[in-house]
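> Sending over structure09.csv (CSV, C-alpha atoms and all ligand atoms).
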```csv
chain,number,residue,atom,x,y,z
Q,13,MET,CA,0.0,0.0,0.0
Q,14,VAL,CA,1.2,3.5,-0.8
Q,15,ILE,CA,0.6,6.3,1.7
Q,16,ASP,CA,1.7,9.8,1.0
Q,17,LYS,CA,4.3,10.5,3.7
Q,18,GLU,CA,3.8,14.2,3.2
Q,19,TYR,CA,0.6,13.8,5.0
Q,20,TYR,CA,2.5,12.8,8.1
Q,21,LYS,CA,3.7,16.4,8.8
Q,22,MET,CA,0.1,17.5,8.6
Q,23,ILE,CA,-0.8,15.5,11.7
Q,24,PHE,CA,0.8,18.3,13.6
Q,25,LYS,CA,-0.7,21.2,11.5
Q,26,ARG,CA,-4.3,20.1,11.2
Q,27,LYS,CA,-7.0,21.1,13.6
Q,28,SER,CA,-10.8,21.2,13.5
Q,29,PHE,CA,-11.6,24.6,12.0
Q,30,ARG,CA,-14.5,26.2,13.8
Q,31,ARG,CA,-13.9,29.9,13.0
Q,32,PHE,CA,-13.6,30.3,9.3
Q,33,ASN,CA,-12.6,33.6,7.9
Q,34,ASP,CA,-15.5,34.7,5.8
Q,35,THR,CA,-13.4,37.1,3.7
Q,36,LEU,CA,-11.5,34.2,2.2
Q,37,LYS,CA,-13.0,32.1,-0.6
Q,38,LEU,CA,-12.0,28.8,-2.2
Q,39,SER,CA,-11.1,29.3,-5.8
Q,40,HIS,CA,-12.4,27.1,-8.7
Q,41,ASP,CA,-9.0,25.5,-9.0
Q,42,GLU,CA,-9.0,24.6,-5.3
Q,43,LEU,CA,-12.5,23.2,-5.6
Q,44,ARG,CA,-11.4,21.1,-8.6
Q,45,ASP,CA,-8.3,20.0,-6.8
Q,46,ILE,CA,-10.5,18.8,-3.8
Q,47,GLU,CA,-12.6,16.8,-6.2
Q,48,GLU,CA,-9.6,15.2,-7.8
Q,49,LYS,CA,-8.2,14.4,-4.3
Q,50,VAL,CA,-11.4,12.8,-3.1
Q,51,LYS,CA,-11.3,10.5,-6.2
Q,52,ALA,CA,-7.8,9.4,-5.2
Q,53,LEU,CA,-8.5,8.6,-1.6
Q,54,ILE,CA,-7.4,5.1,-0.5
Q,55,SER,CA,-10.2,3.0,0.8
Q,56,LEU,CA,-10.0,0.6,3.8
Q,57,VAL,CA,-12.5,-1.7,2.3
Q,58,ASP,CA,-12.6,-1.4,-1.4
Q,59,THR,CA,-15.9,-3.2,-2.0
Q,60,ILE,CA,-17.9,-0.4,-0.4
Q,61,ASP,CA,-19.3,2.2,-2.7
Q,62,VAL,CA,-18.7,5.8,-1.5
Q,63,LYS,CA,-19.8,9.0,-3.1
Q,64,TYR,CA,-19.7,12.6,-2.2
Q,65,ARG,CA,-21.0,16.0,-3.1
Q,66,ILE,CA,-19.6,19.5,-2.3
Q,67,VAL,CA,-22.4,22.0,-1.6
Q,68,ARG,CA,-22.5,25.5,-0.3
Q,69,ARG,CA,-22.8,25.4,3.5
Q,70,GLU,CA,-26.1,27.2,3.3
Q,71,GLU,CA,-27.6,24.0,1.8
Q,72,THR,CA,-27.0,22.2,5.1
Q,73,THR,CA,-27.6,22.9,8.8
Q,74,CYS,CA,-23.9,23.6,9.2
Q,75,LYS,CA,-23.0,27.0,10.6
Q,76,ARG,CA,-19.4,27.0,9.6
Q,77,GLY,CA,-17.2,27.1,6.5
Q,78,GLU,CA,-17.9,28.1,2.9
Q,79,TYR,CA,-18.7,24.6,1.7
Q,80,CYS,CA,-19.7,21.2,3.1
Q,81,LEU,CA,-18.5,17.9,1.7
Q,82,LEU,CA,-21.4,15.5,2.1
Q,83,ILE,CA,-20.3,11.9,2.3
Q,84,TYR,CA,-22.6,9.0,1.1
Q,85,SER,CA,-21.9,5.3,1.4
Q,86,GLU,CA,-23.3,1.8,1.0
Q,87,GLU,CA,-24.1,0.6,4.5
Q,88,LYS,CA,-22.1,-2.5,4.4
Q,89,GLU,CA,-20.1,-3.9,7.4
Q,90,LYS,CA,-17.2,-1.6,8.3
Q,91,PHE,CA,-18.6,1.3,6.2
Q,92,LEU,CA,-18.0,3.8,9.0
Q,93,LEU,CA,-14.4,2.7,9.5
Q,94,ASN,CA,-14.0,3.1,5.8
Q,95,ILE,CA,-15.4,6.6,5.8
Q,96,GLY,CA,-13.1,7.7,8.6
Q,97,TYR,CA,-10.0,6.1,7.0
Q,98,MET,CA,-10.7,7.7,3.6
Q,99,PHE,CA,-11.7,11.2,4.5
Q,100,GLU,CA,-9.1,11.7,7.1
Q,101,GLN,CA,-6.7,11.6,4.2
Q,102,LEU,CA,-8.6,14.6,2.8
Q,103,ASP,CA,-8.4,16.5,6.2
Q,104,LEU,CA,-4.6,16.1,6.2
Q,105,TYR,CA,-4.2,17.0,2.5
Q,106,LEU,CA,-6.3,20.1,2.9
Q,107,ALA,CA,-4.2,21.3,5.8
Q,108,SER,CA,-1.2,21.3,3.5
Q,109,LYS,CA,-3.2,23.6,1.2
Q,110,ASP,CA,-4.3,25.9,4.0
Q,111,ILE,CA,-7.9,24.8,3.7
Q,112,GLY,CA,-9.6,24.4,7.0
Q,113,VAL,CA,-11.8,21.3,7.7
Q,114,CYS,CA,-14.1,20.3,10.5
Q,115,TRP,CA,-15.7,16.8,10.6
Q,116,TYR,CA,-19.3,17.8,11.4
Q,117,GLY,CA,-21.3,15.0,12.9
Q,118,MET,CA,-24.1,17.3,14.0
Q,119,GLY,CA,-24.7,18.6,10.4
Q,120,LYS,CA,-27.8,17.6,8.5
Q,121,THR,CA,-28.7,17.8,4.9
Q,122,GLN,CA,-32.0,17.5,3.1
Q,123,GLU,CA,-30.4,15.2,0.6
Q,124,SER,CA,-30.3,12.1,2.8
Q,125,GLU,CA,-29.7,9.9,-0.3
Q,126,TYR,CA,-27.5,10.4,-3.3
Q,127,GLU,CA,-27.4,7.9,-6.2
Q,128,ASN,CA,-29.0,5.3,-3.9
Q,129,LEU,CA,-26.4,5.7,-1.2
Q,130,LYS,CA,-27.2,7.0,2.3
Q,131,PHE,CA,-25.8,10.2,3.8
Q,132,VAL,CA,-23.3,9.4,6.5
Q,133,ILE,CA,-21.5,12.6,7.7
Q,134,MET,CA,-20.3,15.9,6.4
Q,135,MET,CA,-17.1,17.9,6.6
Q,136,ALA,CA,-17.1,21.7,6.7
Q,137,LEU,CA,-14.5,23.3,4.4
Q,138,GLY,CA,-13.1,26.8,3.9
Q,139,LYS,CA,-10.0,28.7,3.1
Q,140,GLY,CA,-7.8,29.6,6.0
Q,141,HIS,CA,-4.5,31.4,6.6
Q,142,SER,CA,-1.6,29.2,7.4
Q,143,HIS,CA,-1.1,30.9,10.8
Q,144,GLU,CA,-4.6,29.8,11.8
Q,145,PHE,CA,-3.6,26.1,11.8
Q,146,ARG,CA,-2.1,24.3,14.8
Q,147,ARG,CA,1.2,25.7,15.8
Q,148,ASP,CA,2.0,23.6,18.9
Q,149,TYR,CA,0.3,20.2,18.7
Q,150,THR,CA,1.6,19.2,22.2
Q,151,LYS,CA,-0.9,21.8,23.6
Q,152,CYS,CA,-4.0,20.2,22.2
Q,153,LYS,CA,-6.1,18.1,24.6
Q,154,ARG,CA,-5.5,14.4,24.4
Q,155,LYS,CA,-5.3,11.5,26.8
Q,156,GLU,CA,-1.9,10.4,28.2
Q,157,THR,CA,-0.2,7.9,25.9
Q,158,GLN,CA,-0.3,5.2,28.7
Q,159,GLU,CA,-4.0,5.5,28.8
Q,160,ILE,CA,-4.5,4.4,25.2
Q,161,TRP,CA,-1.4,2.3,24.4
Q,162,HIS,CA,0.0,-0.6,26.3
Q,163,GLY,CA,3.4,-2.2,25.6
Q,164,ALA,CA,5.1,0.0,23.1
Q,165,SER,CA,8.5,-1.6,22.7
Q,166,GLY,CA,10.1,0.1,19.7
Q,167,LEU,CA,6.9,1.9,18.8
Q,168,GLU,CA,7.1,4.8,21.2
Q,169,ILE,CA,7.3,7.4,18.5
Q,170,VAL,CA,4.2,6.0,16.8
Q,171,ALA,CA,2.3,5.8,20.1
Q,172,GLU,CA,3.1,9.5,20.8
Q,173,VAL,CA,1.9,10.7,17.4
Q,174,VAL,CA,-1.3,8.7,16.7
Q,175,LYS,CA,-3.1,10.0,19.8
Q,176,TYR,CA,-3.5,13.3,18.0
Q,177,ALA,CA,-6.1,11.8,15.7
Q,178,PRO,CA,-9.4,13.8,15.7
Q,179,SER,CA,-12.5,12.1,17.2
Q,180,ALA,CA,-16.1,13.1,17.8
Q,181,CYS,CA,-16.3,15.2,20.9
Q,182,ASN,CA,-12.6,14.3,21.4
Q,183,THR,CA,-13.7,11.0,22.9
Q,184,GLN,CA,-10.5,9.2,21.6
Q,185,PRO,CA,-12.1,5.7,21.7
Q,186,TRP,CA,-8.9,3.9,20.6
Q,187,ARG,CA,-6.9,1.5,22.7
Q,188,VAL,CA,-3.9,-0.3,21.5
Q,189,VAL,CA,-2.1,-3.4,22.9
Q,190,CYS,CA,1.3,-4.1,21.5
Q,191,GLU,CA,2.5,-7.7,21.9
Q,192,LYS,CA,5.7,-9.0,20.3
Q,193,ASN,CA,5.2,-8.4,16.6
Q,194,LYS,CA,1.5,-7.7,16.9
Q,195,LEU,CA,-0.5,-4.5,17.4
Q,196,LYS,CA,-4.1,-5.0,18.5
Q,197,VAL,CA,-6.4,-2.1,18.0
Q,198,TYR,CA,-9.7,-1.8,20.0
Q,199,ARG,CA,-12.6,0.5,20.3
Q,200,THR,CA,-13.5,1.1,24.0
Q,201,THR,CA,-17.2,1.4,24.7
Q,202,ASN,CA,-16.4,2.9,28.1
Q,203,ILE,CA,-16.8,6.5,26.9
Q,204,LYS,CA,-17.8,9.5,28.9
Q,205,SER,CA,-19.3,12.1,26.6
Q,206,ILE,CA,-22.1,14.5,26.0
Q,207,MET,CA,-23.0,12.5,22.9
Q,208,PRO,CA,-26.3,10.7,23.2
Q,209,LYS,CA,-25.4,7.1,24.1
Q,210,ASP,CA,-27.1,5.5,21.1
Q,211,LYS,CA,-25.0,7.7,18.7
Q,212,VAL,CA,-21.6,6.8,20.3
Q,213,PRO,CA,-21.0,3.5,18.2
Q,214,PHE,CA,-21.7,5.4,15.0
Q,215,TYR,CA,-19.3,8.3,15.6
Q,216,ASN,CA,-16.7,6.3,17.4
Q,217,SER,CA,-16.6,3.8,14.4
Q,218,ILE,CA,-15.7,6.7,12.1
Q,219,ASP,CA,-13.1,7.8,14.7
Q,220,MET,CA,-11.6,4.4,14.6
Q,221,GLY,CA,-11.2,4.6,10.8
Q,222,ILE,CA,-9.5,7.9,11.3
Q,223,PHE,CA,-7.2,6.4,13.9
Q,224,LEU,CA,-6.2,3.4,11.7
Q,225,TYR,CA,-5.2,5.9,9.0
Q,226,PHE,CA,-3.0,7.9,11.5
Q,227,LEU,CA,-1.5,4.6,12.8
Q,228,GLU,CA,-0.6,3.4,9.3
Q,229,LEU,CA,0.8,6.8,8.3
Q,230,ALA,CA,2.9,7.0,11.4
Q,231,MET,CA,4.2,3.4,11.0
Q,232,LEU,CA,5.1,3.9,7.3
Q,233,TYR,CA,6.8,7.2,8.1
Q,234,ASN,CA,8.9,5.4,10.7
Q,235,ARG,CA,9.7,2.6,8.2
Q,236,ILE,CA,7.7,0.0,10.1
Q,237,SER,CA,6.2,-2.5,7.7
Q,238,PHE,CA,3.0,-4.3,8.6
Q,239,GLN,CA,0.1,-6.4,7.4
Q,240,ARG,CA,-3.4,-5.3,8.5
Q,241,PHE,CA,-6.2,-7.7,9.4
Q,242,LEU,CA,-9.6,-6.2,10.1
Q,243,CYS,CA,-11.6,-8.0,12.8
Q,244,GLN,CA,-15.1,-9.3,12.6
Q,245,GLU,CA,-17.6,-6.8,14.2
Q,246,GLU,CA,-18.6,-7.7,17.7
Q,247,ASP,CA,-21.0,-5.6,19.7
Q,248,GLN,CA,-20.9,-6.8,23.3
Q,249,ALA,CA,-17.5,-6.3,24.8
Q,250,GLU,CA,-16.1,-3.2,26.5
Q,251,LEU,CA,-13.1,-3.5,24.2
Q,252,ILE,CA,-14.3,-4.2,20.6
Q,253,PRO,CA,-11.5,-5.6,18.4
Q,254,ILE,CA,-11.1,-3.5,15.3
Q,255,ALA,CA,-7.8,-4.5,13.6
Q,256,ILE,CA,-4.7,-6.5,14.2
Q,257,TYR,CA,-1.4,-5.4,12.6
Q,258,HIS,CA,1.4,-8.0,12.1
Q,259,LEU,CA,4.7,-6.1,12.2
Q,260,ILE,CA,7.0,-7.4,9.6
U,301,LIG,C1,-16.6,11.9,13.5
U,301,LIG,C2,-16.4,13.3,14.0
U,301,LIG,C3,-17.5,14.1,14.2
U,301,LIG,C4,-17.3,15.4,14.7
U,301,LIG,N1,-18.4,16.2,14.8
U,301,LIG,C5,-18.2,17.5,15.2
U,301,LIG,C6,-19.3,18.4,15.3
U,301,LIG,O1,-20.4,18.1,15.0
U,301,LIG,N2,-19.1,19.7,15.7
U,301,LIG,C7,-17.8,20.2,16.0
U,301,LIG,O2,-17.6,21.3,16.3
U,301,LIG,N3,-16.7,19.3,15.9
U,301,LIG,C8,-16.9,18.0,15.5
U,301,LIG,N4,-15.8,17.2,15.4
U,301,LIG,C9,-14.4,17.6,15.8
U,301,LIG,C10,-13.9,17.1,17.1
U,301,LIG,O3,-14.6,17.8,18.2
U,301,LIG,C11,-12.4,17.3,17.2
U,301,LIG,O4,-11.8,16.5,16.2
U,301,LIG,C12,-11.8,17.0,18.5
U,301,LIG,O5,-12.3,17.8,19.5
U,301,LIG,C13,-10.3,17.1,18.5
U,301,LIG,O6,-9.8,18.4,18.1
U,301,LIG,P1,-9.0,18.6,16.8
U,301,LIG,O7,-9.7,18.0,15.7
U,301,LIG,O8,-8.9,20.1,16.7
U,301,LIG,O9,-7.6,18.0,17.0
U,301,LIG,C14,-16.0,15.9,15.0
U,301,LIG,C15,-14.9,15.0,14.8
U,301,LIG,C16,-15.1,13.7,14.3
U,301,LIG,C17,-13.9,12.9,14.1
```
What's the structure tokens form of this structure?


Amino acid sequence: MVIDKEYYKMIFKRKSFRRFNDTLKLSHDELRDIEEKVKALISLVDTIDVKYRIVRREETTCKRGEYCLLIYSEEKEKFLLNIGYMFEQLDLYLASKDIGVCWYGMGKTQESEYENLKFVIMMALGKGHSHEFRRDYTKCKRKETQEIWHGASGLEIVAEVVKYAPSACNTQPWRVVCEKNKLKVYRTTNIKSIMPKDKVPFYNSIDMGIFLYFLELAMLYNRISFQRFLCQEEDQAELIPIAIYHLI
């Protein structure tokens, strides 16, 4: 698999844009570039059909940004993981172009279907100034590494970086256990959040897809080769297995 290592640096620059500068506009070329980039996103599960539309923010309930990217998907197993994994690539890429992004789980659109696919989530987009992006990532609120990652022999750098992945209400549902040459990635259901309880699995599954992308990017950047195995979905446990990585 090829992952653009340039994206790695954007882990430290990206942030959820909430105050967009209304005097700045995305150009036609930028919009076309976004469309091209979306078409080139790497999927996690390539048998799931995903489509998108870019609409003016006013066509949605979103209060931020100039445009909203509406994401539609087939609702097959792992479709939420797939959406997180794919569109986080766009978040990182757009940071490199000084385009601000905010995953916007609260946003609604009247177009709840598009070409027979269901609306999943939107991202708010708008042009920013480079100085408006994150300047010191160590200052952003995240859990302590030891809370989310156990047994990091040789992977300390990766463990330090992946925790900066964005997640709905900053819930950070990821937990990683590193054993010998294996990384086990889980989603914890023990989440304290203002999110309605029945919405947590939905958003946290997207978060887990985002996290898998961060993890793979950080491993590739650090020249750690791996083979990924996605786990069967299980609903009961406090720690739901998501993926196992065999380190090669
Ligand atoms: C799936 C998902 C949904 C989100 N929904 C919203 C939202 O509805 N409103 C909002 O202001 N931020 C939303 N966010 C942004 C998170 O609050 C943000 O990622 C988190 O607080 C970490 O901050 P950071 O992205 O600036 O690093 C969402 C993020 C994700 C991943």

> Which residues, written as an NGL selection string, have at least one atom at most 12 Å from Gln122 (chain Q), with all atoms listed in the file counted and residues fewer than 3 positions away on the same chain left out?

:Q and (67 or 70-74 or 82 or 119 or 125-126 or 130-131)

> Can you work out which one of Q:Thr35, Q:Thr59, Q:Gln184, Q:Asn234 has the shortest atom-to-atom distance to ligand LIG 301 (chain U), counting all atoms listed in the file?

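Closest to ligand LIG 301 (chain U) of all the choices is Q:Gln184.
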
> Taking only C-alpha atoms and all ligand atoms into account, which residues have an atom no farther than 9 Å from ligand LIG 301 (chain U)? I'd like them as number ranges by chain.

Q: 23, 26-30, 74, 76, 96, 100, 113-119, 133-135, 146, 149, 152-154, 176-184, 214-220, 222

> For Leu43 (chain Q), work out the shell of residues within 12 Å, counting only C-alpha atoms and skipping chain neighbours fewer than 4 positions away, then give it as a compact mmCIF listing (two decimals) with C-alpha atoms, keeping the file's coordinate frame.


```
# COMPACT_ATOMS: atom_id res chain seq x y z
CA LYS Q 37 -13.00 32.10 -0.60
CA LEU Q 38 -12.00 28.80 -2.20
CA SER Q 39 -11.10 29.30 -5.80
CA GLU Q 47 -12.60 16.80 -6.20
CA GLU Q 48 -9.60 15.20 -7.80
CA LYS Q 49 -8.20 14.40 -4.30
CA VAL Q 50 -11.40 12.80 -3.10
CA ARG Q 65 -21.00 16.00 -3.10
CA ILE Q 66 -19.60 19.50 -2.30
CA VAL Q 67 -22.40 22.00 -1.60
CA ARG Q 68 -22.50 25.50 -0.30
CA GLU Q 78 -17.90 28.10 2.90
CA TYR Q 79 -18.70 24.60 1.70
CA CYS Q 80 -19.70 21.20 3.10
CA LEU Q 81 -18.50 17.90 1.70
CA LEU Q 106 -6.30 20.10 2.90
CA LYS Q 109 -3.20 23.60 1.20
CA ILE Q 111 -7.90 24.80 3.70
CA LEU Q 137 -14.50 23.30 4.40
CA GLY Q 138 -13.10 26.80 3.90
CA LYS Q 139 -10.00 28.70 3.10
```

> Could you tell me which of Q:His258, Q:Arg240, Q:Arg235, Q:Lys21 comes closest to Tyr105 (chain Q) if we count only C-alpha atoms?

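Smallest separation from Tyr105 (chain Q) among the options: Q:Lys21.
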
> Record the distance separating CA of Phe32 (chain Q) and CA of Lys204 (chain Q), expressed in Å with one decimal.

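About the pair CA of Phe32 (chain Q) and CA of Lys204 (chain Q): they are 28.9 Å apart.
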
> To one decimal place, how far is CA of Leu102 (chain Q) from CA of Ser85 (chain Q) in Å?

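About the pair CA of Leu102 (chain Q) and CA of Ser85 (chain Q): they are 16.3 Å apart.
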
> By how many Å are CA of Ser237 (chain Q) and CA of Gly166 (chain Q) apart?

12.9 Å

> Choose the residue, out of Q:Glu86, Q:Asp41, Q:Glu144, Q:Glu156, that has the smallest atom-to-atom separation from Glu172 (chain Q); count only C-alpha atoms.

Q:Glu156

> Which residues are near Val170 (chain Q)? Cut-off 8 Å, only C-alpha atoms, ignore same chain within fewer than 5 positions. Put them as a list in words.

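Non-adjacent residues within range: Leu227, Ala230, Met231 and Asn234 of chain Q.
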
> Between Q:Phe238, Q:Phe99, Q:Tyr198, Q:Tyr20, which residue has the minimum interatomic distance to Val173 (chain Q), considering all atoms listed in the file?

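That would be Q:Tyr20, the residue with the smallest distance to Val173 (chain Q).
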
> Just checking: using only C-alpha atoms, which residue out of Q:Val174, Q:Leu232, Q:Leu251, Q:Met22 ends up closest to Ser142 (chain Q)?

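Smallest distance to Ser142 (chain Q) is found for Q:Met22.
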
> Go through Q:Leu224, Q:Ile95, Q:Ile203, Q:Ile254 one by one, measure the shortest atom-to-atom distance of each to Tyr64 (chain Q) using all atoms listed in the file, and give the residue with the smallest value.

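Among the listed residues, the smallest separation from Tyr64 (chain Q) belongs to Q:Ile95.
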
> Would you mind completing region 94-104 of chain Q so that it carries all heavy atoms, and writing it out as a PDB file, in the frame of the given file?


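So the final result, stored in out_22.pdb, reads:
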```pdb
ATOM      1  N   ASN Q  94     -14.454   2.712   7.136  1.00  0.00           N
ATOM      2  CA  ASN Q  94     -14.000   3.100   5.800  1.00  0.00           C
ATOM      3  C   ASN Q  94     -14.068   4.566   5.546  1.00  0.00           C
ATOM      4  O   ASN Q  94     -13.137   5.177   5.023  1.00  0.00           O
ATOM      5  CB  ASN Q  94     -14.795   2.278   4.772  1.00  0.00           C
ATOM      6  CG  ASN Q  94     -14.255   2.411   3.363  1.00  0.00           C
ATOM      7  OD1 ASN Q  94     -13.051   2.207   3.140  1.00  0.00           O
ATOM      8  ND2 ASN Q  94     -15.095   2.789   2.415  1.00  0.00           N
ATOM      9  N   ILE Q  95     -15.174   5.169   5.966  1.00  0.00           N
ATOM     10  CA  ILE Q  95     -15.400   6.600   5.800  1.00  0.00           C
ATOM     11  C   ILE Q  95     -14.307   7.406   6.565  1.00  0.00           C
ATOM     12  O   ILE Q  95     -13.702   8.349   6.058  1.00  0.00           O
ATOM     13  CB  ILE Q  95     -16.786   7.042   6.227  1.00  0.00           C
ATOM     14  CG1 ILE Q  95     -17.857   6.428   5.342  1.00  0.00           C
ATOM     15  CG2 ILE Q  95     -16.923   8.558   6.301  1.00  0.00           C
ATOM     16  CD1 ILE Q  95     -17.853   6.915   3.929  1.00  0.00           C
ATOM     17  N   GLY Q  96     -14.085   7.000   7.807  1.00  0.00           N
ATOM     18  CA  GLY Q  96     -13.100   7.700   8.600  1.00  0.00           C
ATOM     19  C   GLY Q  96     -11.703   7.587   8.003  1.00  0.00           C
ATOM     20  O   GLY Q  96     -10.979   8.579   7.873  1.00  0.00           O
ATOM     21  N   TYR Q  97     -11.366   6.380   7.596  1.00  0.00           N
ATOM     22  CA  TYR Q  97     -10.000   6.100   7.000  1.00  0.00           C
ATOM     23  C   TYR Q  97      -9.833   6.935   5.746  1.00  0.00           C
ATOM     24  O   TYR Q  97      -8.781   7.536   5.539  1.00  0.00           O
ATOM     25  CB  TYR Q  97      -9.954   4.622   6.717  1.00  0.00           C
ATOM     26  CG  TYR Q  97      -8.618   4.130   6.226  1.00  0.00           C
ATOM     27  CD1 TYR Q  97      -7.661   3.660   7.126  1.00  0.00           C
ATOM     28  CD2 TYR Q  97      -8.318   4.095   4.877  1.00  0.00           C
ATOM     29  CE1 TYR Q  97      -6.435   3.180   6.683  1.00  0.00           C
ATOM     30  CE2 TYR Q  97      -7.089   3.628   4.421  1.00  0.00           C
ATOM     31  CZ  TYR Q  97      -6.158   3.168   5.329  1.00  0.00           C
ATOM     32  OH  TYR Q  97      -4.941   2.691   4.892  1.00  0.00           O
ATOM     33  N   MET Q  98     -10.841   6.959   4.896  1.00  0.00           N
ATOM     34  CA  MET Q  98     -10.700   7.700   3.600  1.00  0.00           C
ATOM     35  C   MET Q  98     -10.636   9.170   3.795  1.00  0.00           C
ATOM     36  O   MET Q  98      -9.742   9.842   3.290  1.00  0.00           O
ATOM     37  CB  MET Q  98     -11.892   7.348   2.696  1.00  0.00           C
ATOM     38  CG  MET Q  98     -11.872   5.957   2.126  1.00  0.00           C
ATOM     39  SD  MET Q  98     -13.349   5.648   1.119  1.00  0.00           S
ATOM     40  CE  MET Q  98     -12.988   6.628  -0.336  1.00  0.00           C
ATOM     41  N   PHE Q  99     -11.600   9.709   4.516  1.00  0.00           N
ATOM     42  CA  PHE Q  99     -11.700  11.200   4.500  1.00  0.00           C
ATOM     43  C   PHE Q  99     -10.777  11.862   5.454  1.00  0.00           C
ATOM     44  O   PHE Q  99     -10.554  13.066   5.335  1.00  0.00           O
ATOM     45  CB  PHE Q  99     -13.204  11.573   4.664  1.00  0.00           C
ATOM     46  CG  PHE Q  99     -13.949  11.301   3.386  1.00  0.00           C
ATOM     47  CD1 PHE Q  99     -14.523  10.063   3.142  1.00  0.00           C
ATOM     48  CD2 PHE Q  99     -14.010  12.257   2.390  1.00  0.00           C
ATOM     49  CE1 PHE Q  99     -15.164   9.790   1.940  1.00  0.00           C
ATOM     50  CE2 PHE Q  99     -14.644  12.003   1.183  1.00  0.00           C
ATOM     51  CZ  PHE Q  99     -15.233  10.759   0.958  1.00  0.00           C
ATOM     52  N   GLU Q 100     -10.163  11.105   6.357  1.00  0.00           N
ATOM     53  CA  GLU Q 100      -9.100  11.700   7.100  1.00  0.00           C
ATOM     54  C   GLU Q 100      -7.920  12.074   6.226  1.00  0.00           C
ATOM     55  O   GLU Q 100      -7.190  13.031   6.475  1.00  0.00           O
ATOM     56  CB  GLU Q 100      -8.669  10.838   8.301  1.00  0.00           C
ATOM     57  CG  GLU Q 100      -7.686  11.502   9.243  1.00  0.00           C
ATOM     58  CD  GLU Q 100      -8.127  12.888   9.737  1.00  0.00           C
ATOM     59  OE1 GLU Q 100      -9.331  13.156   9.863  1.00  0.00           O
ATOM     60  OE2 GLU Q 100      -7.229  13.732   9.993  1.00  0.00           O
ATOM     61  N   GLN Q 101      -7.748  11.300   5.162  1.00  0.00           N
ATOM     62  CA  GLN Q 101      -6.700  11.600   4.200  1.00  0.00           C
ATOM     63  C   GLN Q 101      -6.948  13.015   3.613  1.00  0.00           C
ATOM     64  O   GLN Q 101      -6.026  13.804   3.390  1.00  0.00           O
ATOM     65  CB  GLN Q 101      -6.674  10.589   3.074  1.00  0.00           C
ATOM     66  CG  GLN Q 101      -6.279   9.202   3.542  1.00  0.00           C
ATOM     67  CD  GLN Q 101      -6.700   8.118   2.561  1.00  0.00           C
ATOM     68  OE1 GLN Q 101      -6.518   8.243   1.350  1.00  0.00           O
ATOM     69  NE2 GLN Q 101      -7.254   7.044   3.070  1.00  0.00           N
ATOM     70  N   LEU Q 102      -8.207  13.317   3.374  1.00  0.00           N
ATOM     71  CA  LEU Q 102      -8.600  14.600   2.800  1.00  0.00           C
ATOM     72  C   LEU Q 102      -8.282  15.731   3.840  1.00  0.00           C
ATOM     73  O   LEU Q 102      -7.744  16.787   3.497  1.00  0.00           O
ATOM     74  CB  LEU Q 102     -10.032  14.640   2.394  1.00  0.00           C
ATOM     75  CG  LEU Q 102     -10.448  15.890   1.635  1.00  0.00           C
ATOM     76  CD1 LEU Q 102      -9.799  15.932   0.242  1.00  0.00           C
ATOM     77  CD2 LEU Q 102     -11.960  15.981   1.505  1.00  0.00           C
ATOM     78  N   ASP Q 103      -8.656  15.487   5.088  1.00  0.00           N
ATOM     79  CA  ASP Q 103      -8.400  16.500   6.200  1.00  0.00           C
ATOM     80  C   ASP Q 103      -6.919  16.834   6.175  1.00  0.00           C
ATOM     81  O   ASP Q 103      -6.553  18.016   6.187  1.00  0.00           O
ATOM     82  CB  ASP Q 103      -8.842  15.822   7.498  1.00  0.00           C
ATOM     83  CG  ASP Q 103      -8.608  16.724   8.700  1.00  0.00           C
ATOM     84  OD1 ASP Q 103      -8.622  17.961   8.537  1.00  0.00           O
ATOM     85  OD2 ASP Q 103      -8.424  16.193   9.810  1.00  0.00           O
ATOM     86  N   LEU Q 104      -6.052  15.827   6.129  1.00  0.00           N
ATOM     87  CA  LEU Q 104      -4.600  16.100   6.200  1.00  0.00           C
ATOM     88  C   LEU Q 104      -4.122  16.787   4.936  1.00  0.00           C
ATOM     89  O   LEU Q 104      -3.346  17.742   5.006  1.00  0.00           O
ATOM     90  CB  LEU Q 104      -3.856  14.768   6.417  1.00  0.00           C
ATOM     91  CG  LEU Q 104      -4.100  14.099   7.775  1.00  0.00           C
ATOM     92  CD1 LEU Q 104      -3.459  12.711   7.814  1.00  0.00           C
ATOM     93  CD2 LEU Q 104      -3.544  14.945   8.910  1.00  0.00           C
TER      94      LEU Q 104
END
```
